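*Asks:* Sharing a structure here in structure tokens format.
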Amino acid sequence: MSVKLFIPLLLGTTREGRYSEHVSKMILKHAKARLDIKLELFDVRDFNFPLTDEGQSIKGKNQKWKKAVEKADALIIVSPEYNHGYPGSLKMALDTLLPEYNHKAVALCGVSMGGFGGARVIEQLAGVVRRLGLVVTEKDLNISNVQMLFSKEGQLQGEFDLKMIDKFLDELVWLARSLKWGRENLISKKK
Ligand SMILES: Cc1cc2nc3c(=O)[nH]c(=O)nc-3n(C[C@H](O)[C@H](O)[C@H](O)COP(=O)(O)O)c2cc1C
């Protein structure tokens, strides 16, 4: 077995009572049994965004995220669907970096109270991460009716096939390994 891939998981909402936190923790807990990856939680609540600036100029204020993305082999983003889009806090967190993401794999998990499992926010995010230089997997994780799946305290109370998480992670690992090989062995002409 080769070295474990390091994969930061970005929890993309600050909302009080957020179910996306329960989903993130379910993924982290399930991934602990795997020998091929090591996940670490990053929470947009910890970014301490200033109200008077945005973008890469504030990346120095979020050294932990910067260092994690530099070291990362891939990323996971867990985003709720807010009016078919992503929370502003998630976009602000993503915008703090740019070259650090280049040619790394990302997998997207959408969370919604509705029946579409965040499919619409995932489509929106796919365009954003592409601009960031990330390469998005085809296999998403869609969590529908999340308020029925978890109690408010985060207890899994509904039916959920945990194999879905492995399928989601397997695809990410495949893409992450391919891109890692590419970054280490191929010259990129991207400017
Ligand atoms: C501002 C806002 C807009 C929302 N828009 C949608 C939506 O477009 N579709 C949907 O299925 N759920 C929508 N929801 C419900 C979220 O899907 C719900 O909050 C869900 O639990 C996932 O997000 P959470 O991590 O904030 O709990 C919205 C919630 C908020 C706060």
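Following the order of the structure tokens, chains are lettered A, B, ..., residues in each are numbered from 1, and ligands are numbered from 1.
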Range 3-164 of chain A: which residues are alpha helix (DSSP H) by DSSP, as an MDAnalysis selection string?
*Replies:* chainID A and resid 20:31 63:71 88:95 119:131 146:149 163:164
*Asks:* Please produce a file of the residues just selected, as a compact mmCIF listing (two decimals), in the first residue's frame, where the atoms kept are C-alpha atoms.
*Replies:*
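The resulting file, again_39.txt, is reproduced below:
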# COMPACT_ATOMS: atom_id res chain seq x y z
CA SER A 20 -23.92 19.80 6.46
CA GLU A 21 -21.77 19.42 9.56
CA HIS A 22 -23.42 16.07 10.31
CA VAL A 23 -22.86 14.96 6.70
CA SER A 24 -19.19 16.03 6.86
CA LYS A 25 -18.66 14.12 10.08
CA MET A 26 -20.33 11.02 8.62
CA ILE A 27 -17.88 11.09 5.69
CA LEU A 28 -14.90 11.64 8.00
CA LYS A 29 -15.96 8.81 10.30
CA HIS A 30 -16.55 6.40 7.44
CA ALA A 31 -13.23 7.28 5.78
CA GLN A 63 -2.36 29.83 6.86
CA LYS A 64 -3.80 26.53 8.04
CA TRP A 65 -6.00 26.26 4.93
CA LYS A 66 -3.18 27.45 2.64
CA LYS A 67 -0.73 24.89 4.00
CA ALA A 68 -3.33 22.13 3.87
CA VAL A 69 -4.17 22.81 0.22
CA GLU A 70 -0.48 22.99 -0.70
CA LYS A 71 0.04 19.59 0.90
CA GLY A 88 -21.14 33.05 0.14
CA SER A 89 -18.88 31.91 2.98
CA LEU A 90 -17.84 28.84 0.98
CA LYS A 91 -17.03 30.95 -2.07
CA MET A 92 -15.04 33.36 0.09
CA ALA A 93 -13.04 30.48 1.56
CA LEU A 94 -12.30 29.02 -1.88
CA ASP A 95 -11.32 32.44 -3.26
CA ALA A 119 -27.60 18.55 -7.53
CA ARG A 120 -28.07 22.19 -8.51
CA VAL A 121 -25.42 23.57 -6.18
CA ILE A 122 -23.01 20.90 -7.40
CA GLU A 123 -23.49 22.07 -10.99
CA GLN A 124 -22.78 25.65 -9.90
CA LEU A 125 -19.73 24.64 -7.90
CA ALA A 126 -18.34 22.58 -10.78
CA GLY A 127 -17.82 25.77 -12.80
CA VAL A 128 -16.16 27.54 -9.88
CA VAL A 129 -13.71 24.75 -9.05
CA ARG A 130 -12.80 24.38 -12.70
CA ARG A 131 -11.77 28.05 -12.77
CA VAL A 146 -31.16 15.66 5.13
CA GLN A 147 -33.49 16.70 7.96
CA MET A 148 -34.96 13.19 7.86
CA LEU A 149 -31.59 11.46 7.66
CA LYS A 163 -21.27 2.21 0.30
CA MET A 164 -22.20 5.45 -1.51
*Asks:* Please identify all protein, DNA and RNA residues within 9 Å of ligand 1, counting only C-alpha atoms and all ligand atoms, and report them as a VMD selection string.
*Replies:* chain A and resid 11 to 23 78 to 85 87 110 to 118 120 to 121 143 to 147
*Asks:* Would you put the residues from that selection into a file with N, CA and C atoms, as an mmCIF file, in the first residue's frame?
*Replies:*
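Saved result, out-v8.cif, follows:
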data_model
loop_
_atom_site.group_PDB
_atom_site.id
_atom_site.type_symbol
_atom_site.label_atom_id
_atom_site.label_comp_id
_atom_site.auth_asym_id
_atom_site.auth_seq_id
_atom_site.Cartn_x
_atom_site.Cartn_y
_atom_site.Cartn_z
ATOM 1 N N LEU A 11 -16.013 22.103 4.956
ATOM 2 C CA LEU A 11 -17.431 22.222 5.337
ATOM 3 C C LEU A 11 -17.867 23.640 5.002
ATOM 4 N N GLY A 12 -18.822 23.762 4.061
ATOM 5 C CA GLY A 12 -19.038 25.042 3.404
ATOM 6 C C GLY A 12 -20.222 25.869 3.835
ATOM 7 N N THR A 13 -20.540 25.890 5.115
ATOM 8 C CA THR A 13 -21.585 26.808 5.581
ATOM 9 C C THR A 13 -21.361 27.188 7.040
ATOM 10 N N THR A 14 -21.745 28.404 7.381
ATOM 11 C CA THR A 14 -21.647 28.853 8.778
ATOM 12 C C THR A 14 -23.017 28.786 9.469
ATOM 13 N N ARG A 15 -24.048 28.321 8.773
ATOM 14 C CA ARG A 15 -25.423 28.417 9.303
ATOM 15 C C ARG A 15 -25.563 27.737 10.676
ATOM 16 N N GLU A 16 -26.230 28.434 11.582
ATOM 17 C CA GLU A 16 -26.541 27.866 12.896
ATOM 18 C C GLU A 16 -27.456 26.658 12.685
ATOM 19 N N GLY A 17 -27.097 25.520 13.225
ATOM 20 C CA GLY A 17 -27.929 24.318 13.081
ATOM 21 C C GLY A 17 -27.699 23.561 11.777
ATOM 22 N N ARG A 18 -26.598 23.842 11.129
ATOM 23 C CA ARG A 18 -26.297 23.254 9.812
ATOM 24 C C ARG A 18 -26.250 21.716 9.849
ATOM 25 N N TYR A 19 -26.991 21.108 8.920
ATOM 26 C CA TYR A 19 -26.943 19.646 8.769
ATOM 27 C C TYR A 19 -25.682 19.224 7.996
ATOM 28 N N SER A 20 -25.136 20.139 7.227
ATOM 29 C CA SER A 20 -23.925 19.802 6.455
ATOM 30 C C SER A 20 -22.776 19.372 7.372
ATOM 31 N N GLU A 21 -22.793 19.852 8.597
ATOM 32 C CA GLU A 21 -21.767 19.425 9.558
ATOM 33 C C GLU A 21 -21.939 17.928 9.864
ATOM 34 N N HIS A 22 -23.178 17.494 10.024
ATOM 35 C CA HIS A 22 -23.417 16.069 10.307
ATOM 36 C C HIS A 22 -22.972 15.203 9.117
ATOM 37 N N VAL A 23 -23.258 15.700 7.917
ATOM 38 C CA VAL A 23 -22.861 14.957 6.704
ATOM 39 C C VAL A 23 -21.325 14.874 6.634
ATOM 40 N N VAL A 78 -18.084 19.952 0.967
ATOM 41 C CA VAL A 78 -19.465 19.644 1.365
ATOM 42 C C VAL A 78 -20.227 20.961 1.378
ATOM 43 N N SER A 79 -21.200 21.071 0.476
ATOM 44 C CA SER A 79 -21.938 22.335 0.366
ATOM 45 C C SER A 79 -23.439 22.115 0.463
ATOM 46 N N PRO A 80 -24.111 22.924 1.282
ATOM 47 C CA PRO A 80 -25.569 22.902 1.238
ATOM 48 C C PRO A 80 -26.050 23.659 0.002
ATOM 49 N N GLU A 81 -27.296 23.429 -0.355
ATOM 50 C CA GLU A 81 -27.878 24.173 -1.484
ATOM 51 C C GLU A 81 -28.728 25.309 -0.937
ATOM 52 N N TYR A 82 -28.309 26.536 -1.201
ATOM 53 C CA TYR A 82 -29.067 27.718 -0.781
ATOM 54 C C TYR A 82 -29.556 28.439 -2.031
ATOM 55 N N ASN A 83 -30.872 28.399 -2.253
ATOM 56 C CA ASN A 83 -31.452 29.008 -3.459
ATOM 57 C C ASN A 83 -30.706 28.566 -4.723
ATOM 58 N N HIS A 84 -30.508 27.264 -4.774
ATOM 59 C CA HIS A 84 -29.862 26.580 -5.906
ATOM 60 C C HIS A 84 -28.379 26.916 -6.049
ATOM 61 N N GLY A 85 -27.826 27.655 -5.091
ATOM 62 C CA GLY A 85 -26.413 28.023 -5.177
ATOM 63 C C GLY A 85 -25.656 27.618 -3.927
ATOM 64 N N PRO A 87 -23.254 28.747 -0.451
ATOM 65 C CA PRO A 87 -23.155 29.852 0.501
ATOM 66 C C PRO A 87 -22.005 30.785 0.136
ATOM 67 N N GLY A 110 -23.268 17.474 -2.169
ATOM 68 C CA GLY A 110 -24.364 18.442 -2.033
ATOM 69 C C GLY A 110 -25.346 17.987 -0.966
ATOM 70 N N VAL A 111 -25.823 18.967 -0.185
ATOM 71 C CA VAL A 111 -26.740 18.657 0.929
ATOM 72 C C VAL A 111 -27.989 19.523 0.784
ATOM 73 N N SER A 112 -29.155 18.887 0.821
ATOM 74 C CA SER A 112 -30.380 19.688 0.720
ATOM 75 C C SER A 112 -31.520 19.067 1.517
ATOM 76 N N MET A 113 -32.471 19.930 1.851
ATOM 77 C CA MET A 113 -33.694 19.446 2.485
ATOM 78 C C MET A 113 -34.661 18.939 1.426
ATOM 79 N N GLY A 114 -34.464 19.369 0.212
ATOM 80 C CA GLY A 114 -35.295 18.923 -0.894
ATOM 81 C C GLY A 114 -34.836 17.570 -1.412
ATOM 82 N N GLY A 115 -35.466 17.129 -2.495
ATOM 83 C CA GLY A 115 -35.245 15.775 -2.999
ATOM 84 C C GLY A 115 -34.152 15.623 -4.035
ATOM 85 N N PHE A 116 -33.412 16.702 -4.338
ATOM 86 C CA PHE A 116 -32.429 16.604 -5.423
ATOM 87 C C PHE A 116 -30.985 16.494 -4.933
ATOM 88 N N GLY A 117 -30.815 16.346 -3.619
ATOM 89 C CA GLY A 117 -29.480 16.080 -3.064
ATOM 90 C C GLY A 117 -28.433 17.124 -3.426
ATOM 91 N N GLY A 118 -28.873 18.368 -3.523
ATOM 92 C CA GLY A 118 -27.899 19.425 -3.825
ATOM 93 C C GLY A 118 -27.365 19.371 -5.248
ATOM 94 N N ARG A 120 -28.201 20.887 -7.838
ATOM 95 C CA ARG A 120 -28.070 22.188 -8.513
ATOM 96 C C ARG A 120 -26.874 22.965 -7.990
ATOM 97 N N VAL A 121 -26.612 22.870 -6.691
ATOM 98 C CA VAL A 121 -25.425 23.566 -6.180
ATOM 99 C C VAL A 121 -24.151 22.904 -6.701
ATOM 100 N N ILE A 143 -26.962 14.255 -0.922
ATOM 101 C CA ILE A 143 -27.711 13.978 0.305
ATOM 102 C C ILE A 143 -29.032 14.750 0.251
ATOM 103 N N SER A 144 -30.115 14.008 -0.023
ATOM 104 C CA SER A 144 -31.454 14.606 -0.094
ATOM 105 C C SER A 144 -32.140 14.497 1.265
ATOM 106 N N ASN A 145 -33.161 15.309 1.481
ATOM 107 C CA ASN A 145 -34.008 15.222 2.684
ATOM 108 C C ASN A 145 -33.172 15.037 3.949
ATOM 109 N N VAL A 146 -32.152 15.858 4.065
ATOM 110 C CA VAL A 146 -31.156 15.656 5.133
ATOM 111 C C VAL A 146 -31.767 15.760 6.531
ATOM 112 N N GLN A 147 -32.833 16.531 6.649
ATOM 113 C CA GLN A 147 -33.487 16.704 7.965
ATOM 114 C C GLN A 147 -34.171 15.415 8.417
#
*Asks:* Check which residues of range 31-145 of chain A sit at most 9 Å from range 166-188 of chain A using only C-alpha atoms, and return one row each with the closest pair of atoms and their distance in Å to one decimal, ordered by chain and rising number, as a tab-separated table.
*Replies:*
residue	atom	partner	partner_atom	distance
A:Ala31	CA	A:Asp166	CA	7.9
A:Asp36	CA	A:Val173	CA	8.0
A:Ile37	CA	A:Val173	CA	7.9
A:Asp73	CA	A:Ala176	CA	6.0
A:Ala74	CA	A:Ala176	CA	5.7
A:Leu75	CA	A:Leu172	CA	8.6
A:Ile76	CA	A:Leu172	CA	8.7
A:His103	CA	A:Leu179	CA	6.4
A:Lys104	CA	A:Leu179	CA	6.3
A:Ala105	CA	A:Ala176	CA	5.1
A:Val106	CA	A:Leu172	CA	6.9
A:Ala107	CA	A:Leu172	CA	6.2
A:Leu108	CA	A:Phe168	CA	8.9
A:Cys109	CA	A:Phe168	CA	8.9
A:Val135	CA	A:Leu175	CA	8.3
A:Val136	CA	A:Leu172	CA	8.5
A:Thr137	CA	A:Leu172	CA	6.3
A:Glu138	CA	A:Glu171	CA	8.0
A:Lys139	CA	A:Phe168	CA	5.7
A:Asp140	CA	A:Phe168	CA	6.2
A:Leu141	CA	A:Phe168	CA	6.2
*Asks:* Restrict the selected residues to N, CA and C atoms and save them as a compact mmCIF listing (two decimals), in the first residue's frame.
*Replies:*
# COMPACT_ATOMS: atom_id res chain seq x y z
N ALA A 31 -14.53 7.34 6.47
CA ALA A 31 -13.23 7.28 5.78
C ALA A 31 -12.11 6.81 6.70
N ASP A 36 -6.21 4.01 2.43
CA ASP A 36 -5.61 4.76 1.31
C ASP A 36 -5.70 6.27 1.46
N ILE A 37 -6.49 6.75 2.43
CA ILE A 37 -6.65 8.21 2.54
C ILE A 37 -6.69 8.68 4.00
N ASP A 73 -3.49 16.14 -1.64
CA ASP A 73 -3.52 15.35 -2.88
C ASP A 73 -4.86 15.53 -3.58
N ALA A 74 -5.87 15.94 -2.82
CA ALA A 74 -7.21 16.13 -3.37
C ALA A 74 -8.02 16.89 -2.33
N LEU A 75 -9.23 17.32 -2.72
CA LEU A 75 -10.12 18.02 -1.79
C LEU A 75 -11.52 17.42 -1.86
N ILE A 76 -12.24 17.59 -0.76
CA ILE A 76 -13.68 17.31 -0.75
C ILE A 76 -14.37 18.59 -0.30
N HIS A 103 -4.34 21.63 -10.67
CA HIS A 103 -4.23 20.23 -11.09
C HIS A 103 -4.42 19.25 -9.93
N LYS A 104 -5.28 19.62 -8.98
CA LYS A 104 -5.63 18.66 -7.91
C LYS A 104 -7.09 18.24 -8.07
N ALA A 105 -7.39 17.07 -7.59
CA ALA A 105 -8.74 16.52 -7.75
C ALA A 105 -9.66 17.05 -6.65
N VAL A 106 -10.94 17.18 -6.99
CA VAL A 106 -11.93 17.58 -6.00
C VAL A 106 -13.21 16.78 -6.21
N ALA A 107 -13.83 16.40 -5.10
CA ALA A 107 -15.13 15.72 -5.15
C ALA A 107 -16.13 16.58 -4.40
N LEU A 108 -17.35 16.62 -4.94
CA LEU A 108 -18.37 17.53 -4.41
C LEU A 108 -19.53 16.76 -3.78
N CYS A 109 -19.89 17.19 -2.56
CA CYS A 109 -21.04 16.61 -1.87
C CYS A 109 -22.07 17.71 -1.68
N VAL A 135 -9.75 19.69 -10.59
CA VAL A 135 -10.35 18.78 -11.55
C VAL A 135 -11.41 17.98 -10.81
N VAL A 136 -12.65 18.15 -11.24
CA VAL A 136 -13.77 17.60 -10.48
C VAL A 136 -14.13 16.18 -10.93
N THR A 137 -14.43 15.33 -9.97
CA THR A 137 -14.84 13.96 -10.29
C THR A 137 -16.25 13.95 -10.87
N GLU A 138 -16.56 12.88 -11.56
CA GLU A 138 -17.92 12.73 -12.10
C GLU A 138 -18.87 12.22 -11.01
N LYS A 139 -18.31 11.53 -10.01
CA LYS A 139 -19.15 10.89 -8.99
C LYS A 139 -19.35 11.85 -7.81
N ASP A 140 -20.55 12.40 -7.69
CA ASP A 140 -20.87 13.28 -6.56
C ASP A 140 -21.48 12.46 -5.43
N LEU A 141 -21.62 13.11 -4.27
CA LEU A 141 -22.41 12.51 -3.19
C LEU A 141 -23.59 13.44 -2.95
*Asks:* Restricting the calculation to only C-alpha atoms: of A:Ala72, A:Ile165, A:Leu5, A:Ile58, which residue gets closest to Leu97 in chain A?
*Replies:*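 The closest residue to Leu97 in chain A is A:Ile58.
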*Asks:* Could you jot down the CA of Leu134 in chain A to CA of Tyr101 in chain A separation for me, Å, one decimal place?
*Replies:*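 Taking CA of Leu134 in chain A and CA of Tyr101 in chain A, their separation equals 5.8 Å.
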